[in-house]
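One structure below.
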Amino acid sequence: MAVKAKETLRGLVSAVSIIAKPRCPRCHSSQDNLGVKLSTHRCERCSMLQRTASYLVTYSGKLIVVARDGEECSMVLTNSAVSEFVRDQVLLTSAHDAQALEEIIIAMPELEVTFSSEGLVERLAPPAVAEGEATVHSVQGNVLGAEEASTSYVRDSEAVPHVDDEGLAELFDVNLCCVVLCCVVLCCVFQFWHLCLLFMCFLLKIPCN
Ligand SMILES: [Zn+2]
């Protein structure tokens, strides 16, 4: 029987199961009760307290993918495939958390899986964006970027006071507020009651007798 070449399948993950077996980086003994949410863990054999992230992980598991034609394909996850996925997708903070990895994989809109004739997964990754889609996305991105840039530019230039009626009125309002505030402070601190009150009345155009 001729050995069938490896295949690549694109589809939606319908089920996934990952087992992450942690091992001590010192004595290499496997750990049964490593708390993935805790920052440290004491090795169950050599008793060394170490960072959870420093424990080595060996992955295994199962993956069921529904191809675009609706056919379901069941595969076996290998340690190398999951390790590579964790590294490529920058999931090192969830590297020990099999449940988190399962949730990340099942939440993916599409997954590209390369597997051997024996059904062993060699590689899994989100599919590379097709050229047409990539162009559309990058063009949209550029347009959005340009729009944002121009908007922020406009906003920046608007922040500079214009010498028009509205601008002057705004500027005057701001200055008035500052002066009133200063007067209040002066009143409180230095008790220049009369002077400040008169000045405030003048500014606020309150007729004072
Ligand atoms: Zn150990």
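All residue names refer to the structure tokens as shown: chains lettered A, B, ... in order, residues numbered from 1 in each chain, ligands numbered from 1 in order.
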
**Prompt:** Skipping near chain neighbours, those fewer than 5 positions away, what residues fall within 12 Å of Cys73 of chain A using only C-alpha atoms, listed as a list in words?
**Reply:**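 Residues meeting the cut-off are Glu7, Thr8, Leu9, Arg10, Gly11, Leu12, Val13, Ser14, Ala15, Val16, Lys62, Leu63, Ile64, Val65, Val66, Ala67, Arg68, Val113, Thr114, Phe115, Gly119, Leu120 and Val121 of chain A.
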
Written file, previous selection with N, CA and C atoms, as an mmCIF file, in the first residue's frame:
data_model
loop_
_atom_site.group_PDB
_atom_site.id
_atom_site.type_symbol
_atom_site.label_atom_id
_atom_site.label_comp_id
_atom_site.auth_asym_id
_atom_site.auth_seq_id
_atom_site.Cartn_x
_atom_site.Cartn_y
_atom_site.Cartn_z
ATOM 1 N N GLU A 7 -2.102 15.568 4.514
ATOM 2 C CA GLU A 7 -3.184 16.392 3.972
ATOM 3 C C GLU A 7 -3.355 17.665 4.783
ATOM 4 N N THR A 8 -3.926 18.650 4.138
ATOM 5 C CA THR A 8 -4.257 19.882 4.845
ATOM 6 C C THR A 8 -5.754 20.120 4.713
ATOM 7 N N LEU A 9 -6.353 20.391 5.827
ATOM 8 C CA LEU A 9 -7.807 20.559 5.869
ATOM 9 C C LEU A 9 -8.142 21.913 6.498
ATOM 10 N N ARG A 10 -9.112 22.583 5.904
ATOM 11 C CA ARG A 10 -9.575 23.844 6.471
ATOM 12 C C ARG A 10 -10.997 23.663 6.943
ATOM 13 N N GLY A 11 -11.283 24.118 8.122
ATOM 14 C CA GLY A 11 -12.657 23.993 8.594
ATOM 15 C C GLY A 11 -12.860 24.546 9.983
ATOM 16 N N LEU A 12 -14.055 24.281 10.475
ATOM 17 C CA LEU A 12 -14.447 24.757 11.799
ATOM 18 C C LEU A 12 -14.245 23.623 12.800
ATOM 19 N N VAL A 13 -13.660 23.944 13.936
ATOM 20 C CA VAL A 13 -13.461 22.929 14.969
ATOM 21 C C VAL A 13 -14.805 22.673 15.652
ATOM 22 N N SER A 14 -15.268 21.436 15.606
ATOM 23 C CA SER A 14 -16.545 21.141 16.265
ATOM 24 C C SER A 14 -16.310 20.575 17.662
ATOM 25 N N ALA A 15 -15.145 19.983 17.885
ATOM 26 C CA ALA A 15 -14.827 19.470 19.225
ATOM 27 C C ALA A 15 -13.324 19.405 19.402
ATOM 28 N N VAL A 16 -12.884 19.667 20.605
ATOM 29 C CA VAL A 16 -11.454 19.608 20.892
ATOM 30 C C VAL A 16 -11.241 19.160 22.337
ATOM 31 N N LYS A 62 -7.403 15.386 21.222
ATOM 32 C CA LYS A 62 -8.186 15.029 20.036
ATOM 33 C C LYS A 62 -8.782 16.292 19.427
ATOM 34 N N LEU A 63 -9.022 16.210 18.133
ATOM 35 C CA LEU A 63 -9.573 17.357 17.421
ATOM 36 C C LEU A 63 -10.552 16.856 16.362
ATOM 37 N N ILE A 64 -11.730 17.445 16.334
ATOM 38 C CA ILE A 64 -12.693 17.102 15.276
ATOM 39 C C ILE A 64 -12.991 18.388 14.497
ATOM 40 N N VAL A 65 -12.726 18.313 13.221
ATOM 41 C CA VAL A 65 -12.902 19.479 12.358
ATOM 42 C C VAL A 65 -13.962 19.166 11.300
ATOM 43 N N VAL A 66 -14.865 20.139 11.089
ATOM 44 C CA VAL A 66 -15.851 19.993 10.019
ATOM 45 C C VAL A 66 -15.319 20.761 8.815
ATOM 46 N N ALA A 67 -15.019 20.034 7.751
ATOM 47 C CA ALA A 67 -14.477 20.667 6.549
ATOM 48 C C ALA A 67 -15.557 21.500 5.865
ATOM 49 N N ARG A 68 -15.133 22.280 4.878
ATOM 50 C CA ARG A 68 -16.069 23.165 4.175
ATOM 51 C C ARG A 68 -17.171 22.381 3.462
ATOM 52 N N VAL A 113 -5.542 22.632 9.354
ATOM 53 C CA VAL A 113 -4.871 21.514 10.022
ATOM 54 C C VAL A 113 -4.145 20.655 8.997
ATOM 55 N N THR A 114 -2.880 20.416 9.267
ATOM 56 C CA THR A 114 -2.108 19.496 8.435
ATOM 57 C C THR A 114 -1.934 18.212 9.239
ATOM 58 N N PHE A 115 -2.290 17.092 8.615
ATOM 59 C CA PHE A 115 -2.226 15.835 9.361
ATOM 60 C C PHE A 115 -1.711 14.700 8.483
ATOM 61 N N GLY A 119 -3.674 10.175 10.740
ATOM 62 C CA GLY A 119 -4.572 11.087 11.453
ATOM 63 C C GLY A 119 -3.896 11.854 12.576
ATOM 64 N N LEU A 120 -2.563 11.914 12.533
ATOM 65 C CA LEU A 120 -1.827 12.673 13.544
ATOM 66 C C LEU A 120 -1.659 14.111 13.065
ATOM 67 N N VAL A 121 -2.087 15.034 13.896
ATOM 68 C CA VAL A 121 -1.987 16.443 13.508
ATOM 69 C C VAL A 121 -0.521 16.873 13.557
#

**Nearby polymer residues, ligand 1, at most 6 Å, only C-alpha atoms and all ligand atoms, as a ChimeraX atom specification** = /A:24,26-27,29,43,45-46

**Asked** Among segment 60-116 of chain A, which ones does DSSP place in strand (DSSP E or B), written as an MDAnalysis selection string?
**Response** chainID A and resid 60:67 72:77 111:115

Could you write out that same residue set with C-alpha atoms as an mmCIF file, in the first residue's frame?
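Dumped everything to again_3.cif:
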data_model
loop_
_atom_site.group_PDB
_atom_site.id
_atom_site.type_symbol
_atom_site.label_atom_id
_atom_site.label_comp_id
_atom_site.auth_asym_id
_atom_site.auth_seq_id
_atom_site.Cartn_x
_atom_site.Cartn_y
_atom_site.Cartn_z
ATOM 1 C CA SER A 60 -1.912 15.354 23.713
ATOM 2 C CA GLY A 61 -5.545 15.365 22.698
ATOM 3 C CA LYS A 62 -8.186 15.029 20.036
ATOM 4 C CA LEU A 63 -9.573 17.357 17.421
ATOM 5 C CA ILE A 64 -12.693 17.102 15.276
ATOM 6 C CA VAL A 65 -12.902 19.479 12.358
ATOM 7 C CA VAL A 66 -15.851 19.993 10.019
ATOM 8 C CA ALA A 67 -14.477 20.667 6.549
ATOM 9 C CA GLU A 72 -16.248 15.603 9.763
ATOM 10 C CA CYS A 73 -12.658 14.593 10.361
ATOM 11 C CA SER A 74 -11.333 13.270 13.647
ATOM 12 C CA MET A 75 -7.626 13.683 14.379
ATOM 13 C CA VAL A 76 -5.112 13.108 17.134
ATOM 14 C CA LEU A 77 -3.297 16.135 18.508
ATOM 15 C CA LEU A 111 -8.571 26.409 11.449
ATOM 16 C CA GLU A 112 -6.092 24.962 8.998
ATOM 17 C CA VAL A 113 -4.871 21.514 10.022
ATOM 18 C CA THR A 114 -2.108 19.496 8.435
ATOM 19 C CA PHE A 115 -2.226 15.835 9.361
#

**Residues of segment 10-91 of chain A in alpha helix (DSSP H), written as a list of chain:residue names** =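 Selection result, alpha helix (DSSP H) within segment 10-91 of chain A: A:Asn79, A:Ser80, A:Ala81, A:Val82, A:Ser83, A:Glu84, A:Phe85, A:Val86, A:Arg87, A:Asp88.
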
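In terms of minimum interatomic distance to Glu103 of chain A, A:Ile18 ranks closest within A:Glu122, A:Ile18, A:Val57, A:Glu44, counting only C-alpha atoms.
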
**Request:** Work out how far apart atom CA of Tyr59 of chain A and atom CA of Ala20 of chain A are and give it in Å to one decimal.
**Result:**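 Atom-to-atom, atom CA of Tyr59 of chain A and atom CA of Ala20 of chain A are spaced 4.7 Å apart.
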